[in-house]
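Asker: Can you keep this structure in mind? I'll have questions shortly.
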Amino acid sequence: MERGRDKPRHSDLLQSSTHSDYKRSGYSGDCYAHKRVRSGGETFPSVPRFLSTQRQLYERSFPVYKQPVEVGFFSLDSERNFFNDSRQLRYYVEPGKSPNFSLRDGYHDRFIKRDEGVKEGLDHMLRWILENRTKLQSKNSASSCALGVDFVTWRGHLTKLLTTPYETQEGWLLAASKFGGTIYISEVETEAARVNRESRTERHKEMMYWGYKFEQYICADDMNGVPDQGGVVNTNEAFCTVVQTRLSDHKLLFSGEVDCRDKDPRIPAPACYIELKTSAEICTPKQRSNFHRYKLLKWWAQSFLPGVPQIIAGFRDQDGIVVAVETFHISNISQLIKNEYNCWKPTVCMNFCSDFLSFVKSVVKEDNPRLVHLFEWEPHRDVMFSVHRDTQYTFLPDWYVNSMESHFAGGAQPLD
């Protein structure tokens with residue numbers, strides 16, 4: 001941010017759609033750029049063309065973010081089958097002070113890896129909605145939307161939005177479709193991400209395994225059980241929480257995978273959940289600074305969104321041996337980074353996410369599951385979008401659309 005420059009006011013950022021003074025080559029302080037649409041001589045309200053990601057635009061008060069409420073959960077088994085229950089939930093078992101875990105153990109002979117080439121989209125989330133829609137509709141009976149929420153998505157997609165103002169390496173593609181008054185957002189793999197996935201080195205592949213192996217060392221299948229440290233690591237298996245919350249005026253329903261929970265049954269979800277991470281051991285001040293500036297940003301965003309209060313991290317050496325375990329409380333992370341020069345700010349992350357959702361709402365107007373607005377972003381660029389009808393980008397499956405329409409036709413709350 002430029003020193004001595006006044007921060008843009010919130011009212012400047014959300015100017016009316018008739019604003020036409022935005023100059024692409026000379027930044028004017030407006031995060032949206034608009035275009036007028038004319039037909040037969042008549043002028044219609046303009047549609048935003050792009051959204052800026054410049055950090056200084058989002059340096060304002062922290063937006064309203066309601067405490068996330070868990071409205072459900074589901075499990076995915078060893079073959080990626082969906083179950084509307086908690087059978088895959090695991091329990092945290094505190095390790096000793098000197099864990100000495102070998103994260104390389106089992107990589108070559110006890111590892112079943114999920115096929116990342118199979119793109120599941122929102123399918124598991126949609127199956128959960130079909131099995132729980134009556135509960136959702138009763139919870140949101142006063143809403144004009146069929147589900148009572150503005151957006152349905154994965155936690156990981158929102159995490160990418162939160163980190164966008166500070167991301168310098170990886171872009172993203174997010175597809176959005178409006179159906180029943182709710183906007184569904186699903187990620188599309190970029191070409192760069194595909195190339196990166198298909199060209200990983202053997203070392204990179206093994207290091208990705210290390211995080212799952214760490215979970216196996218400190219998670220038990222039962223509340224009073226012990227970890228099966230020599231068992232098979234199968235990354236098809238997952239337990240996912242489904243939470244509902246509100247960011248500014250955006251009602252959100254999203255799901256995210258949970259690593260484990262605290263054994264204390266008195267702690268309610270999502271406060272009982274724990275995120276597990278691994279990272280290289282920190283030996284120098286420079287390494288600690290980089291850890292604060294880059295890794296903690298993604299860790300914070302991922303856990304803050306669903307209301308997971310703590311991260312337990314295993315710090316490992318270059319040979320994959322865990323040498324220390326440390327707990328990070330999400331509420332304290334902003335204090336950890338406050339002395340880092342020009343570091344990331346939670347308020348910038350949340351305000352950008354809120355404004356992106358406003359941007360999507362202003363663009364995605366037609367209620368049509370076959371119509372996709374594809375939002376694209378590359379580092380150091382603006383967020384742009386393109387429109388696609390009945391193409392490979394359509395992601396809401398017929399089984400979901402037909403089931404929901406039959407549900408509404410049978411007397412449930414109608415579509416908009």
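So you can find residues: chains in the structure tokens are A, B, ... in the order shown, residues in each start at 1, and ligands are numbered from 1 in order.
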Near A:Gln88, counting only C-alpha atoms, which residues have an atom at most 12 Å away, once you skip same-chain residues fewer than 2 positions from it, shown as a short mmCIF file (atom, residue, chain, number, x, y, z; two decimals) with N, CA and C atoms, in the first residue's frame?
Answerer:
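Full text of result_27.cif as output:
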data_model
loop_
_atom_site.label_atom_id
_atom_site.label_comp_id
_atom_site.auth_asym_id
_atom_site.auth_seq_id
_atom_site.Cartn_x
_atom_site.Cartn_y
_atom_site.Cartn_z
N PHE A 73 -22.95 -33.38 8.24
CA PHE A 73 -21.64 -33.94 7.93
C PHE A 73 -21.86 -35.17 7.05
N PHE A 74 -20.79 -35.65 6.45
CA PHE A 74 -20.87 -36.88 5.66
C PHE A 74 -19.50 -37.54 5.60
N SER A 75 -19.50 -38.79 5.17
CA SER A 75 -18.26 -39.55 5.07
C SER A 75 -18.08 -40.12 3.67
N LEU A 76 -16.83 -40.29 3.28
CA LEU A 76 -16.46 -40.95 2.03
C LEU A 76 -15.58 -42.13 2.39
N ASP A 77 -15.94 -43.31 1.92
CA ASP A 77 -15.21 -44.51 2.33
C ASP A 77 -13.99 -44.77 1.45
N SER A 78 -13.41 -45.94 1.60
CA SER A 78 -12.15 -46.28 0.91
C SER A 78 -12.29 -46.34 -0.61
N ARG A 80 -14.50 -44.14 -2.11
CA ARG A 80 -15.06 -42.82 -2.38
C ARG A 80 -16.60 -42.83 -2.42
N ASN A 81 -17.22 -43.82 -1.79
CA ASN A 81 -18.67 -43.86 -1.70
C ASN A 81 -19.16 -42.91 -0.62
N PHE A 82 -20.31 -42.28 -0.87
CA PHE A 82 -20.88 -41.28 0.04
C PHE A 82 -21.76 -41.94 1.10
N PHE A 83 -21.61 -41.48 2.34
CA PHE A 83 -22.48 -41.91 3.44
C PHE A 83 -22.88 -40.68 4.26
N ASN A 84 -24.15 -40.56 4.54
CA ASN A 84 -24.67 -39.41 5.27
C ASN A 84 -24.52 -39.64 6.78
N ASP A 85 -23.28 -39.88 7.20
CA ASP A 85 -23.02 -40.14 8.61
C ASP A 85 -21.57 -39.81 8.94
N SER A 86 -21.15 -40.13 10.16
CA SER A 86 -19.81 -39.75 10.63
C SER A 86 -18.87 -40.94 10.76
N ARG A 90 -12.39 -39.26 12.92
CA ARG A 90 -11.32 -39.79 13.75
C ARG A 90 -11.08 -38.90 14.97
N TYR A 91 -10.37 -39.43 15.95
CA TYR A 91 -10.15 -38.75 17.22
C TYR A 91 -8.67 -38.49 17.44
N CYS A 219 -4.12 -40.13 15.01
CA CYS A 219 -5.58 -40.23 14.95
C CYS A 219 -6.02 -41.66 15.22
N ALA A 220 -7.10 -41.79 16.00
CA ALA A 220 -7.69 -43.10 16.29
C ALA A 220 -9.09 -43.15 15.72
N ASP A 221 -9.54 -44.34 15.36
CA ASP A 221 -10.87 -44.50 14.79
C ASP A 221 -11.98 -44.38 15.83
N ASP A 222 -11.64 -44.63 17.10
CA ASP A 222 -12.62 -44.59 18.17
C ASP A 222 -12.17 -43.63 19.26
N ASN A 234 -5.09 -44.48 3.07
CA ASN A 234 -5.97 -44.44 1.91
C ASN A 234 -6.57 -43.05 1.81
N THR A 235 -6.15 -42.28 0.81
CA THR A 235 -6.60 -40.89 0.71
C THR A 235 -7.97 -40.73 0.07
N ASN A 236 -8.63 -41.85 -0.24
CA ASN A 236 -10.02 -41.78 -0.67
C ASN A 236 -10.94 -41.47 0.50
N GLU A 237 -10.53 -41.90 1.68
CA GLU A 237 -11.38 -41.76 2.87
C GLU A 237 -11.40 -40.31 3.36
N ALA A 238 -12.58 -39.88 3.81
CA ALA A 238 -12.69 -38.51 4.30
C ALA A 238 -13.93 -38.36 5.17
N PHE A 239 -13.83 -37.46 6.14
CA PHE A 239 -14.98 -36.99 6.90
C PHE A 239 -15.11 -35.50 6.63
N CYS A 240 -16.31 -35.06 6.28
CA CYS A 240 -16.52 -33.67 5.92
C CYS A 240 -17.62 -33.04 6.76
N THR A 241 -17.36 -31.87 7.27
CA THR A 241 -18.38 -31.09 7.95
C THR A 241 -19.11 -30.22 6.93
N GLU A 257 -13.26 -30.90 4.40
CA GLU A 257 -12.78 -32.10 5.07
C GLU A 257 -12.20 -31.75 6.43
N VAL A 258 -12.45 -32.61 7.41
CA VAL A 258 -11.96 -32.43 8.77
C VAL A 258 -11.02 -33.59 9.10
N ASP A 259 -9.86 -33.28 9.66
CA ASP A 259 -8.88 -34.33 9.95
C ASP A 259 -9.27 -35.17 11.16
N CYS A 260 -9.71 -34.52 12.23
CA CYS A 260 -10.07 -35.24 13.44
C CYS A 260 -10.78 -34.30 14.41
N ARG A 261 -11.22 -34.86 15.55
CA ARG A 261 -11.86 -34.04 16.57
C ARG A 261 -11.23 -34.32 17.93
#
Asker: With only C-alpha atoms counted and 9 Å as the cut-off, give the residues of stretch 187-299 of chain A in contact with stretch 101-123 of chain A, each with its shortest interatomic distance in Å and the pair that gives it, as JSON lines.
Answerer:
{"residue": "A:Glu187", "atom": "CA", "partner": "A:Gly121", "partner_atom": "CA", "distance": 7.0}
{"residue": "A:Val188", "atom": "CA", "partner": "A:Gly121", "partner_atom": "CA", "distance": 8.2}
{"residue": "A:Glu189", "atom": "CA", "partner": "A:Lys119", "partner_atom": "CA", "distance": 8.8}
{"residue": "A:Arg194", "atom": "CA", "partner": "A:Gly117", "partner_atom": "CA", "distance": 8.9}
{"residue": "A:Arg197", "atom": "CA", "partner": "A:Glu116", "partner_atom": "CA", "distance": 8.5}
{"residue": "A:Glu206", "atom": "CA", "partner": "A:Tyr107", "partner_atom": "CA", "distance": 7.0}
{"residue": "A:Met207", "atom": "CA", "partner": "A:Arg104", "partner_atom": "CA", "distance": 8.2}
{"residue": "A:Tyr209", "atom": "CA", "partner": "A:Tyr107", "partner_atom": "CA", "distance": 7.0}
{"residue": "A:Trp210", "atom": "CA", "partner": "A:Leu103", "partner_atom": "CA", "distance": 5.0}
{"residue": "A:Gly211", "atom": "CA", "partner": "A:Leu103", "partner_atom": "CA", "distance": 7.8}
{"residue": "A:Tyr212", "atom": "CA", "partner": "A:Leu103", "partner_atom": "CA", "distance": 8.6}
{"residue": "A:Lys213", "atom": "CA", "partner": "A:Leu103", "partner_atom": "CA", "distance": 5.7}
{"residue": "A:Phe214", "atom": "CA", "partner": "A:Leu103", "partner_atom": "CA", "distance": 6.3}
{"residue": "A:Tyr217", "atom": "CA", "partner": "A:Phe101", "partner_atom": "CA", "distance": 7.4}
{"residue": "A:Gly230", "atom": "CA", "partner": "A:Gly106", "partner_atom": "CA", "distance": 7.5}
{"residue": "A:Gly231", "atom": "CA", "partner": "A:Arg110", "partner_atom": "CA", "distance": 7.0}
{"residue": "A:Val232", "atom": "CA", "partner": "A:Arg110", "partner_atom": "CA", "distance": 4.6}
{"residue": "A:Val233", "atom": "CA", "partner": "A:Phe111", "partner_atom": "CA", "distance": 4.9}
{"residue": "A:Asn234", "atom": "CA", "partner": "A:Ile112", "partner_atom": "CA", "distance": 4.6}
{"residue": "A:Thr235", "atom": "CA", "partner": "A:Lys113", "partner_atom": "CA", "distance": 5.3}
{"residue": "A:Asn236", "atom": "CA", "partner": "A:Arg114", "partner_atom": "CA", "distance": 5.0}
{"residue": "A:Glu237", "atom": "CA", "partner": "A:Arg114", "partner_atom": "CA", "distance": 8.7}
Asker: Write down as an MDAnalysis selection string the residues of stretch 144-392 of chain A whose backbone DSSP state falls under strand (DSSP E).
Answerer: chainID A and resid 151:154 172:179 182:188 219:220 233:234 238:247 250:257 260:261 273:280 310:316 322:329 371:377 384:389
Asker: Which one is closest to A:Asp355: A:Arg389, A:Arg127, A:Lys298, A:His250? Count only C-alpha atoms.
Answerer: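 Checking each candidate against A:Asp355, we get A:His250 as the closest.
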Asker: Could you make a table, as CSV, of the residues of stretch 262-301 of chain A that have an atom within 10 Å of an atom of stretch 333-349 of chain A, each with its nearest atom pair and distance in Å to one decimal, counting only C-alpha atoms, in chain and number order?
Answerer:
residue,atom,partner,partner_atom,distance
A:Ser289,CA,A:Glu340,CA,7.0
A:Asn290,CA,A:Glu340,CA,9.5
A:Phe291,CA,A:Ile337,CA,9.7
A:His292,CA,A:Ile337,CA,5.9
A:Arg293,CA,A:Cys343,CA,5.9
A:Tyr294,CA,A:Trp344,CA,8.4
A:Leu296,CA,A:Ile333,CA,7.7
A:Leu297,CA,A:Trp344,CA,7.1
A:Trp299,CA,A:Ile333,CA,9.6
A:Trp300,CA,A:Ile333,CA,7.2
A:Ala301,CA,A:Cys349,CA,8.3
Asker: Between A:Ala271, A:Met404, A:Ala176, A:Leu247, which one has atoms that come closest to A:Asn132, using only C-alpha atoms?
Answerer: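 Of all the options, A:Met404 lies closest to A:Asn132.
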Asker: Dump as CSV the rows for residues of stretch 283-351 of chain A within 8 Å of stretch 146-156 of chain A: closest atom pair and distance in Å with one decimal, only C-alpha atoms counted, ordered by chain and rising residue number.
Answerer:
residue,atom,partner,partner_atom,distance
A:Gln302,CA,A:Gly156,CA,7.0
A:Leu305,CA,A:Arg155,CA,7.2
A:Pro306,CA,A:Arg155,CA,7.5
Asker: Near A:Ser331, counting only C-alpha atoms, which residues have an atom at most 9 Å away, once you skip same-chain residues fewer than 5 positions from it, shown as a count of residues only?
Answerer: 3
Asker: One number please: atom CA of A:Gln56 to atom CA of A:Thr245, in Å, one decimal.
Answerer: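 Between atom CA of A:Gln56 and atom CA of A:Thr245 the gap works out to 26.1 Å.
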Asker: Which residues, written as a ChimeraX atom specification, have at least one atom at most 7 Å from A:Lys277, with only C-alpha atoms counted and residues fewer than 4 positions away on the same chain left out?
Answerer: /A:211,312-314
Asker: If DSSP is run on the backbone, what residues of stretch 103-340 of chain A are alpha helix (DSSP H)? A reply as an MDAnalysis selection string would be ideal.
Answerer: chainID A and resid 123:139 155:163 191:198 202:218 285:290 296:304 333:337
Asker: What is the atom CA of A:Ala192-atom CA of A:Glu376 distance in Å, reported with one decimal?
Answerer: 12.8 Å
